[in-house]
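K.L.:
Okay, here's the structure, questions in a sec.
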Amino acid sequence: MRLQIGYVPLCDAAPVILAQELGYAREEGLDLDLSAEPSWATLRDRLALGHLDGAHMLAPLALASALGLSGPPSDLAIGLPLSLNGNAITLSNALSAAVAGEDGFGADWRGVARAFARVATARRQAGKPVTLGIVHPFSCHTYQVRLFAQAGGLDPAALRTVVVPPQHGVEALSRGLVDGFCAGAPWNEVAMAAGVGRVVALGAEIAPDAPEKVFAVSGRIGEAGVPLVRAVARAGLWCADPDHRDELVHRLGRRAHRDRELGLVARAFEGKGVDGTGRALGHLHLGEAAQARAPERLDWLLREMRAAGQIDADPAQEAAARALYRPFA
């Protein structure tokens, strides 16, 4: 059976990509045609409209799509959690310098958040609010930016946020279209390597072990969803094995035609290199820990979606969300 599977070019798409490349899908009687999508909104719509049978997807966007809160109504289930952590907030050189001030960055991200709040408040009062790129409104990136602002004493409404697909965040920052962005690996590492920005806070610190990406499966494929999820889960376990790290990095780099950035991709998995505060980048987790269906992770998602005004405190809606977050076996 041939299936169309979508993903957005990020390191945490690895289990979906490797499920096909390592032959796990074929062992399940499936052939996967992989499609790199230009944005999360495009991926969401193509999945809802039947152009995709499954997809690497933002956890809150999968919920929102299935609940009819974002894009066309979609018949899907969250067949497998894929990843934890991996995001970071990167600011332009000018803004990060203003936030650092004379004392530089401290070791505590909350201190950085307080300095950021002071700068953002002054910018707003001057009629030039700080503009940050987020990958989609229904994303952990949105919630981590909100939590970062609140930790510094800043009302998130004081910030201007715009949607920037993760692979375009570096260009948007270099052209001055945004003052910073929150994205997943490897795009924060790429921005630092290009000399256009500095990482000032890690998503893993702001919201440890936030449920980042999931594998969403269309209800149209019926029983084929079970072997499909099984293949992706096996690939996720393979990706999490340190002995496979070099091969994983080279496969991802080759698919993205980014051989010159293999070291940046490796940092996402190994925690090598440092951000603007001297802390290790990385913290992206795949494999068994990420695939566990921990109820507290879904609780966190629903809580942050409510805090952002995206869903109501509706028991029926919450029950529907929990029903979507089910194992395939």
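FYI, nothing fancy with the structure tokens labels: chains A, B, ... in order, residues from 1 per chain, ligands from 1 as they appear.
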Please list as a list in words every residue within 12 Å of Asp312 (chain A), counting only C-alpha atoms and excluding residues in the same chain fewer than 5 positions away.
P.N.:
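Close residues of Asp312 (chain A): Leu69, Leu302, Arg303, Glu304, Met305, Arg306, Ala307, Gln317 and Glu318 of chain A.
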K.L.:
Looking only at alpha helix (DSSP H) from DSSP on the backbone, list the matching residues of region 41-177 of chain A as an MDAnalysis selection string.
P.N.:
chainID A and resid 41:48 59:66 93:100 109:125 140:151 169:174
K.L.:
Set the distance at 8 Å and use only C-alpha atoms: which residues neighbour Val112 (chain A) once local chain neighbours fewer than 2 positions away are removed? I'd like the list as an mmCIF file with all heavy atoms, in the first residue's frame.
P.N.:
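Saved to around05.cif:
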```
data_model
loop_
_atom_site.group_PDB
_atom_site.id
_atom_site.type_symbol
_atom_site.label_atom_id
_atom_site.label_comp_id
_atom_site.auth_asym_id
_atom_site.auth_seq_id
_atom_site.Cartn_x
_atom_site.Cartn_y
_atom_site.Cartn_z
ATOM 1 N N VAL A 99 19.269 43.378 25.326
ATOM 2 C CA VAL A 99 18.798 42.563 26.439
ATOM 3 C C VAL A 99 19.947 42.217 27.376
ATOM 4 O O VAL A 99 19.810 42.239 28.604
ATOM 5 C CB VAL A 99 18.124 41.279 25.908
ATOM 6 C CG1 VAL A 99 17.873 40.284 27.040
ATOM 7 C CG2 VAL A 99 16.813 41.619 25.196
ATOM 8 N N ALA A 100 21.121 41.919 26.797
ATOM 9 C CA ALA A 100 22.284 41.552 27.617
ATOM 10 C C ALA A 100 22.763 42.726 28.444
ATOM 11 O O ALA A 100 23.187 42.571 29.598
ATOM 12 C CB ALA A 100 23.407 41.040 26.723
ATOM 13 N N PHE A 105 24.708 38.070 29.438
ATOM 14 C CA PHE A 105 23.657 37.135 29.800
ATOM 15 C C PHE A 105 24.030 36.393 31.073
ATOM 16 O O PHE A 105 25.166 35.964 31.251
ATOM 17 C CB PHE A 105 23.436 36.115 28.680
ATOM 18 C CG PHE A 105 22.778 36.698 27.460
ATOM 19 C CD1 PHE A 105 23.490 36.873 26.297
ATOM 20 C CD2 PHE A 105 21.441 37.057 27.489
ATOM 21 C CE1 PHE A 105 22.883 37.392 25.166
ATOM 22 C CE2 PHE A 105 20.826 37.587 26.363
ATOM 23 C CZ PHE A 105 21.545 37.753 25.204
ATOM 24 N N GLY A 106 23.042 36.215 31.928
ATOM 25 C CA GLY A 106 23.253 35.405 33.115
ATOM 26 C C GLY A 106 22.940 33.946 32.825
ATOM 27 O O GLY A 106 22.509 33.589 31.728
ATOM 28 N N ASP A 108 20.650 32.202 34.343
ATOM 29 C CA ASP A 108 19.237 31.915 34.569
ATOM 30 C C ASP A 108 18.401 32.560 33.467
ATOM 31 O O ASP A 108 18.418 33.785 33.299
ATOM 32 C CB ASP A 108 18.830 32.465 35.940
ATOM 33 C CG ASP A 108 17.374 32.165 36.279
ATOM 34 O OD1 ASP A 108 16.701 31.482 35.479
ATOM 35 O OD2 ASP A 108 16.911 32.620 37.349
ATOM 36 N N TRP A 109 17.654 31.747 32.722
ATOM 37 C CA TRP A 109 16.853 32.288 31.629
ATOM 38 C C TRP A 109 15.801 33.279 32.125
ATOM 39 O O TRP A 109 15.387 34.170 31.384
ATOM 40 C CB TRP A 109 16.190 31.158 30.845
ATOM 41 C CG TRP A 109 15.118 30.421 31.584
ATOM 42 C CD1 TRP A 109 15.265 29.310 32.359
ATOM 43 C CD2 TRP A 109 13.722 30.751 31.609
ATOM 44 N NE1 TRP A 109 14.056 28.923 32.879
ATOM 45 C CE2 TRP A 109 13.077 29.782 32.430
ATOM 46 C CE3 TRP A 109 12.952 31.754 31.044
ATOM 47 C CZ2 TRP A 109 11.720 29.802 32.680
ATOM 48 C CZ3 TRP A 109 11.589 31.772 31.294
ATOM 49 C CH2 TRP A 109 10.976 30.814 32.094
ATOM 50 N N ARG A 110 15.387 33.154 33.384
ATOM 51 C CA ARG A 110 14.395 34.096 33.914
ATOM 52 C C ARG A 110 14.965 35.505 34.018
ATOM 53 O O ARG A 110 14.253 36.492 33.819
ATOM 54 C CB ARG A 110 13.890 33.609 35.275
ATOM 55 C CG ARG A 110 13.078 32.326 35.200
ATOM 56 C CD ARG A 110 12.684 31.829 36.567
ATOM 57 N NE ARG A 110 11.922 30.587 36.488
ATOM 58 C CZ ARG A 110 12.465 29.383 36.342
ATOM 59 N NH1 ARG A 110 13.788 29.258 36.267
ATOM 60 N NH2 ARG A 110 11.706 28.313 36.263
ATOM 61 N N ARG A 114 13.499 38.841 32.204
ATOM 62 C CA ARG A 114 13.225 40.144 32.833
ATOM 63 C C ARG A 114 13.885 41.279 32.033
ATOM 64 O O ARG A 114 13.276 42.343 31.837
ATOM 65 C CB ARG A 114 13.732 40.130 34.276
ATOM 66 C CG ARG A 114 12.880 39.258 35.206
ATOM 67 C CD ARG A 114 13.256 39.478 36.659
ATOM 68 N NE ARG A 114 14.583 38.950 36.965
ATOM 69 C CZ ARG A 114 14.822 37.703 37.369
ATOM 70 N NH1 ARG A 114 13.817 36.841 37.493
ATOM 71 N NH2 ARG A 114 16.049 37.309 37.660
ATOM 72 N N ALA A 115 15.112 41.052 31.573
ATOM 73 C CA ALA A 115 15.781 42.074 30.769
ATOM 74 C C ALA A 115 15.053 42.274 29.443
ATOM 75 O O ALA A 115 14.876 43.407 28.971
ATOM 76 C CB ALA A 115 17.236 41.669 30.530
ATOM 77 N N PHE A 116 14.606 41.176 28.854
ATOM 78 C CA PHE A 116 13.843 41.261 27.608
ATOM 79 C C PHE A 116 12.562 42.060 27.824
ATOM 80 O O PHE A 116 12.181 42.885 26.986
ATOM 81 C CB PHE A 116 13.517 39.856 27.110
ATOM 82 C CG PHE A 116 12.595 39.820 25.931
ATOM 83 C CD1 PHE A 116 13.076 40.020 24.647
ATOM 84 C CD2 PHE A 116 11.228 39.581 26.096
ATOM 85 C CE1 PHE A 116 12.227 39.988 23.553
ATOM 86 C CE2 PHE A 116 10.370 39.548 25.015
ATOM 87 C CZ PHE A 116 10.877 39.755 23.740
ATOM 88 N N GLY A 152 9.180 37.205 32.694
ATOM 89 C CA GLY A 152 9.856 38.485 32.856
ATOM 90 C C GLY A 152 8.945 39.585 33.342
ATOM 91 O O GLY A 152 9.379 40.741 33.473
ATOM 92 N N VAL A 200 18.653 33.023 23.250
ATOM 93 C CA VAL A 200 18.608 33.613 24.589
ATOM 94 C C VAL A 200 17.844 32.762 25.602
ATOM 95 O O VAL A 200 17.934 33.000 26.801
ATOM 96 C CB VAL A 200 18.001 35.034 24.550
ATOM 97 C CG1 VAL A 200 18.855 35.951 23.674
ATOM 98 C CG2 VAL A 200 16.552 35.009 24.079
ATOM 99 N N ALA A 201 17.077 31.788 25.125
ATOM 100 C CA ALA A 201 16.344 30.911 26.042
ATOM 101 C C ALA A 201 16.007 29.622 25.310
ATOM 102 O O ALA A 201 15.725 29.626 24.106
ATOM 103 C CB ALA A 201 15.069 31.570 26.545
#
```
K.L.:
Any chance you could tabulate, as a tab-separated table, the residues of region 221-268 of chain A at most 9 Å from region 20-33 of chain A with each one's nearest atom pair and distance in Å to one decimal, using only C-alpha atoms, in chain and rising number order?
P.N.:
```
residue	atom	partner	partner_atom	distance
A:Ala224	CA	A:Leu30	CA	8.6
A:Pro227	CA	A:Glu28	CA	5.7
A:Leu228	CA	A:Ala25	CA	6.6
A:Arg230	CA	A:Glu28	CA	8.2
A:Ala231	CA	A:Tyr24	CA	5.1
A:Val232	CA	A:Ala25	CA	7.6
A:Arg234	CA	A:Tyr24	CA	7.2
A:Ala235	CA	A:Tyr24	CA	7.1
A:Arg251	CA	A:Glu21	CA	8.7
```
K.L.:
Tell me which protein, DNA and RNA residues are within 10 Å of Gln150 (chain A), counting only C-alpha atoms, leaving out same-chain ones fewer than 3 positions away, and put them as a list in words.
P.N.:
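The residues that qualify are Arg110, Ala113, Arg114, Ala117, Gln144, Val145, Arg146, Leu147, Gly153, Leu154, Asp155 and Pro156 of chain A.
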K.L.:
Restricting the calculation to only C-alpha atoms, which member of A:Ala41, A:Ala64, A:Val199, A:Ala126 is positioned closest to Ala185 (chain A)?
P.N.:
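Going through A:Ala41, A:Ala64, A:Val199, A:Ala126 one by one, the smallest distance to Ala185 (chain A) is for A:Val199.
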K.L.:
What does the distance between CA of Val162 (chain A) and CA of Ala193 (chain A) come to in Å, to one decimal place?
P.N.:
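If I compute the distance from CA of Val162 (chain A) to CA of Ala193 (chain A), I get 23.4 Å.
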K.L.:
Do you know which residues are at most 12 Å from His168 (chain A) counting only C-alpha atoms, after dropping those on the same chain fewer than 4 positions away, and could you put them as an mmCIF file with N, CA and C atoms, in the first residue's frame?
P.N.:
```
data_model
loop_
_atom_site.group_PDB
_atom_site.id
_atom_site.type_symbol
_atom_site.label_atom_id
_atom_site.label_comp_id
_atom_site.auth_asym_id
_atom_site.auth_seq_id
_atom_site.Cartn_x
_atom_site.Cartn_y
_atom_site.Cartn_z
ATOM 1 N N VAL A 8 7.558 18.832 7.887
ATOM 2 C CA VAL A 8 8.212 20.129 7.725
ATOM 3 C C VAL A 8 9.686 19.923 8.060
ATOM 4 N N PRO A 9 10.597 20.531 7.281
ATOM 5 C CA PRO A 9 12.036 20.245 7.449
ATOM 6 C C PRO A 9 12.589 20.670 8.810
ATOM 7 N N LEU A 10 12.597 19.738 9.721
ATOM 8 C CA LEU A 10 13.102 19.929 11.070
ATOM 9 C C LEU A 10 13.751 18.630 11.528
ATOM 10 N N PRO A 38 5.925 23.314 2.814
ATOM 11 C CA PRO A 38 6.519 24.639 3.023
ATOM 12 C C PRO A 38 6.110 25.326 4.316
ATOM 13 N N SER A 39 5.013 24.882 4.934
ATOM 14 C CA SER A 39 4.563 25.511 6.170
ATOM 15 C C SER A 39 3.646 24.544 6.900
ATOM 16 N N GLY A 133 8.812 35.954 15.468
ATOM 17 C CA GLY A 133 8.257 34.948 14.584
ATOM 18 C C GLY A 133 7.910 33.685 15.354
ATOM 19 N N ILE A 134 6.733 33.158 15.100
ATOM 20 C CA ILE A 134 6.325 31.852 15.627
ATOM 21 C C ILE A 134 5.938 30.981 14.432
ATOM 22 N N VAL A 135 6.009 29.684 14.577
ATOM 23 C CA VAL A 135 5.794 28.818 13.416
ATOM 24 C C VAL A 135 4.319 28.622 13.100
ATOM 25 N N VAL A 163 3.524 34.760 11.921
ATOM 26 C CA VAL A 163 3.831 33.386 11.558
ATOM 27 C C VAL A 163 4.949 33.361 10.522
ATOM 28 N N VAL A 164 6.009 32.644 10.846
ATOM 29 C CA VAL A 164 7.144 32.454 9.941
ATOM 30 C C VAL A 164 7.472 30.963 9.933
ATOM 31 N N ALA A 172 14.170 35.739 7.620
ATOM 32 C CA ALA A 172 13.349 36.831 8.155
ATOM 33 C C ALA A 172 14.137 37.658 9.165
ATOM 34 N N LEU A 173 14.956 36.994 9.972
ATOM 35 C CA LEU A 173 15.771 37.697 10.960
ATOM 36 C C LEU A 173 16.856 38.513 10.277
ATOM 37 N N SER A 174 17.517 37.936 9.287
ATOM 38 C CA SER A 174 18.619 38.631 8.605
ATOM 39 C C SER A 174 18.120 39.843 7.824
ATOM 40 N N ARG A 175 16.873 39.813 7.353
ATOM 41 C CA ARG A 175 16.302 40.932 6.590
ATOM 42 C C ARG A 175 15.619 41.964 7.487
ATOM 43 N N LEU A 177 12.898 41.548 9.193
ATOM 44 C CA LEU A 177 11.442 41.431 9.174
ATOM 45 C C LEU A 177 10.907 41.062 10.550
ATOM 46 N N VAL A 178 11.735 40.426 11.362
ATOM 47 C CA VAL A 178 11.381 40.094 12.744
ATOM 48 C C VAL A 178 12.566 40.451 13.631
ATOM 49 N N GLY A 180 13.204 38.534 16.251
ATOM 50 C CA GLY A 180 13.596 37.240 16.787
ATOM 51 C C GLY A 180 12.581 36.207 16.381
ATOM 52 N N PHE A 181 12.855 34.960 16.710
ATOM 53 C CA PHE A 181 11.899 33.903 16.405
ATOM 54 C C PHE A 181 12.061 32.763 17.394
ATOM 55 N N CYS A 182 11.012 31.966 17.491
ATOM 56 C CA CYS A 182 11.059 30.728 18.253
ATOM 57 C C CYS A 182 10.826 29.602 17.264
ATOM 58 N N ALA A 183 11.781 28.690 17.157
ATOM 59 C CA ALA A 183 11.693 27.595 16.196
ATOM 60 C C ALA A 183 12.409 26.378 16.759
ATOM 61 N N GLY A 184 12.247 25.274 16.059
ATOM 62 C CA GLY A 184 12.913 24.040 16.443
ATOM 63 C C GLY A 184 14.231 23.869 15.730
ATOM 64 N N PRO A 186 17.023 22.494 13.204
ATOM 65 C CA PRO A 186 18.310 23.131 13.513
ATOM 66 C C PRO A 186 18.339 24.638 13.291
ATOM 67 N N TRP A 187 17.164 25.317 13.232
ATOM 68 C CA TRP A 187 17.141 26.683 12.706
ATOM 69 C C TRP A 187 17.718 27.713 13.663
ATOM 70 N N ASN A 188 17.681 27.468 14.963
ATOM 71 C CA ASN A 188 18.369 28.374 15.890
ATOM 72 C C ASN A 188 19.882 28.244 15.725
ATOM 73 N N VAL A 190 21.379 27.340 13.006
ATOM 74 C CA VAL A 190 21.719 27.954 11.716
ATOM 75 C C VAL A 190 21.832 29.473 11.854
ATOM 76 N N ALA A 191 20.926 30.084 12.587
ATOM 77 C CA ALA A 191 20.968 31.542 12.778
ATOM 78 C C ALA A 191 22.240 31.961 13.487
#
```
K.L.:
Hey, can you check how far CA of Leu67 (chain A) sits from CA of Thr142 (chain A)?
P.N.:
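It comes out at 18.7 Å.
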K.L.:
I'd like the contact shell of Gly203 (chain A) - 9 Å cut-off, only C-alpha atoms, skipping same-chain residues fewer than 6 positions apart - returned as a list of chain:residue names.
P.N.:
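Once the nearby chain positions are removed, what remains is A:Asn85, A:Gly86, A:Asn87, A:Ala88, A:Ile89, A:Cys140, A:His141, A:Gln144, A:Val145, A:Cys182, A:Gly184, A:Asp209, A:Ala210, A:His283.
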K.L.:
Mind dumping the selected residues with N, CA and C atoms as a short mmCIF file (atom, residue, chain, number, x, y, z; two decimals), in the first residue's frame?
P.N.:
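Saved as again33.cif:
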```cif
data_model
loop_
_atom_site.label_atom_id
_atom_site.label_comp_id
_atom_site.auth_asym_id
_atom_site.auth_seq_id
_atom_site.Cartn_x
_atom_site.Cartn_y
_atom_site.Cartn_z
N ASN A 85 10.84 18.67 23.45
CA ASN A 85 11.83 19.76 23.46
C ASN A 85 12.35 20.07 22.05
N GLY A 86 13.47 20.78 21.98
CA GLY A 86 14.09 21.11 20.70
C GLY A 86 13.94 22.55 20.27
N ASN A 87 13.03 23.31 20.90
CA ASN A 87 12.83 24.71 20.50
C ASN A 87 13.77 25.65 21.25
N ALA A 88 13.92 26.83 20.71
CA ALA A 88 14.67 27.89 21.38
C ALA A 88 14.19 29.23 20.87
N ILE A 89 14.44 30.27 21.66
CA ILE A 89 14.12 31.64 21.25
C ILE A 89 15.43 32.31 20.84
N CYS A 140 3.66 24.80 20.38
CA CYS A 140 4.35 24.99 21.66
C CYS A 140 5.24 26.22 21.61
N HIS A 141 5.67 26.61 20.41
CA HIS A 141 6.47 27.82 20.25
C HIS A 141 5.69 29.04 20.76
N GLN A 144 5.58 28.84 24.54
CA GLN A 144 6.88 29.11 25.15
C GLN A 144 7.23 30.60 25.08
N VAL A 145 6.86 31.27 24.00
CA VAL A 145 7.06 32.72 23.92
C VAL A 145 6.20 33.41 24.98
N CYS A 182 11.01 31.97 17.49
CA CYS A 182 11.06 30.73 18.25
C CYS A 182 10.83 29.60 17.26
N GLY A 184 12.25 25.27 16.06
CA GLY A 184 12.91 24.04 16.44
C GLY A 184 14.23 23.87 15.73
N ASP A 209 10.28 19.20 28.74
CA ASP A 209 9.61 18.04 28.18
C ASP A 209 8.22 18.35 27.65
N ALA A 210 8.09 19.52 27.03
CA ALA A 210 6.84 19.85 26.36
C ALA A 210 6.64 18.89 25.18
N HIS A 283 18.88 19.19 23.52
CA HIS A 283 17.73 18.83 24.35
C HIS A 283 16.59 18.21 23.57
#
```
K.L.:
Compile the contact shell of Leu159 (chain A) as an MDAnalysis selection string: residues with an atom at most 8 Å away, counting only C-alpha atoms, same-chain residues fewer than 3 positions apart removed.
P.N.:
chainID A and resid 120 129:132 155:156
K.L.:
Those same residues, written as a PDB file, in the first residue's frame with C-alpha atoms?
P.N.:
```pdb
ATOM      1  CA  ALA A 120      10.147  45.175  24.993  1.00  0.00           C
ATOM      2  CA  PRO A 129       6.779  46.774  19.536  1.00  0.00           C
ATOM      3  CA  VAL A 130       9.110  43.795  19.419  1.00  0.00           C
ATOM      4  CA  THR A 131       8.113  41.413  16.626  1.00  0.00           C
ATOM      5  CA  LEU A 132       8.767  37.717  17.119  1.00  0.00           C
ATOM      6  CA  ASP A 155       2.069  40.814  29.192  1.00  0.00           C
ATOM      7  CA  PRO A 156       2.370  38.645  26.040  1.00  0.00           C
TER       8      PRO A 156
END
```
K.L.:
Report the distance between CA of Ala97 (chain A) and CA of Glu212 (chain A) in Å, rounded to one decimal place.
P.N.:
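Between CA of Ala97 (chain A) and CA of Glu212 (chain A) the gap is 29.1 Å.
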K.L.:
For each of A:Pro15, A:Pro165, A:Pro81, A:Gly71, take the minimum atom-to-atom distance to Val214 (chain A), counting only C-alpha atoms, then give the residue where this is smallest.
P.N.:
A:Pro81
K.L.:
Just list as a list in words whatever in region 32-113 of chain A DSSP marks as strand (DSSP E or B).
P.N.:
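Filtering region 32-113 of chain A to strand (DSSP E or B) leaves Leu32, Asp33, Leu34, Ser35, Ala36, Gly54, Ala55, His56, Met57, Leu58, Leu76, Ala77, Ile78, Gly79, Leu80, Pro81, Leu84, Asn87, Ala88, Ile89, Thr90, Leu91 and Ser92 of chain A.
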K.L.:
Tell me which of A:Gln4, A:Gln310, A:Asn93, A:Thr161 sits closest to Leu52 (chain A), counting only C-alpha atoms.
P.N.:
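Closest to Leu52 (chain A) of all the choices is A:Gln4.
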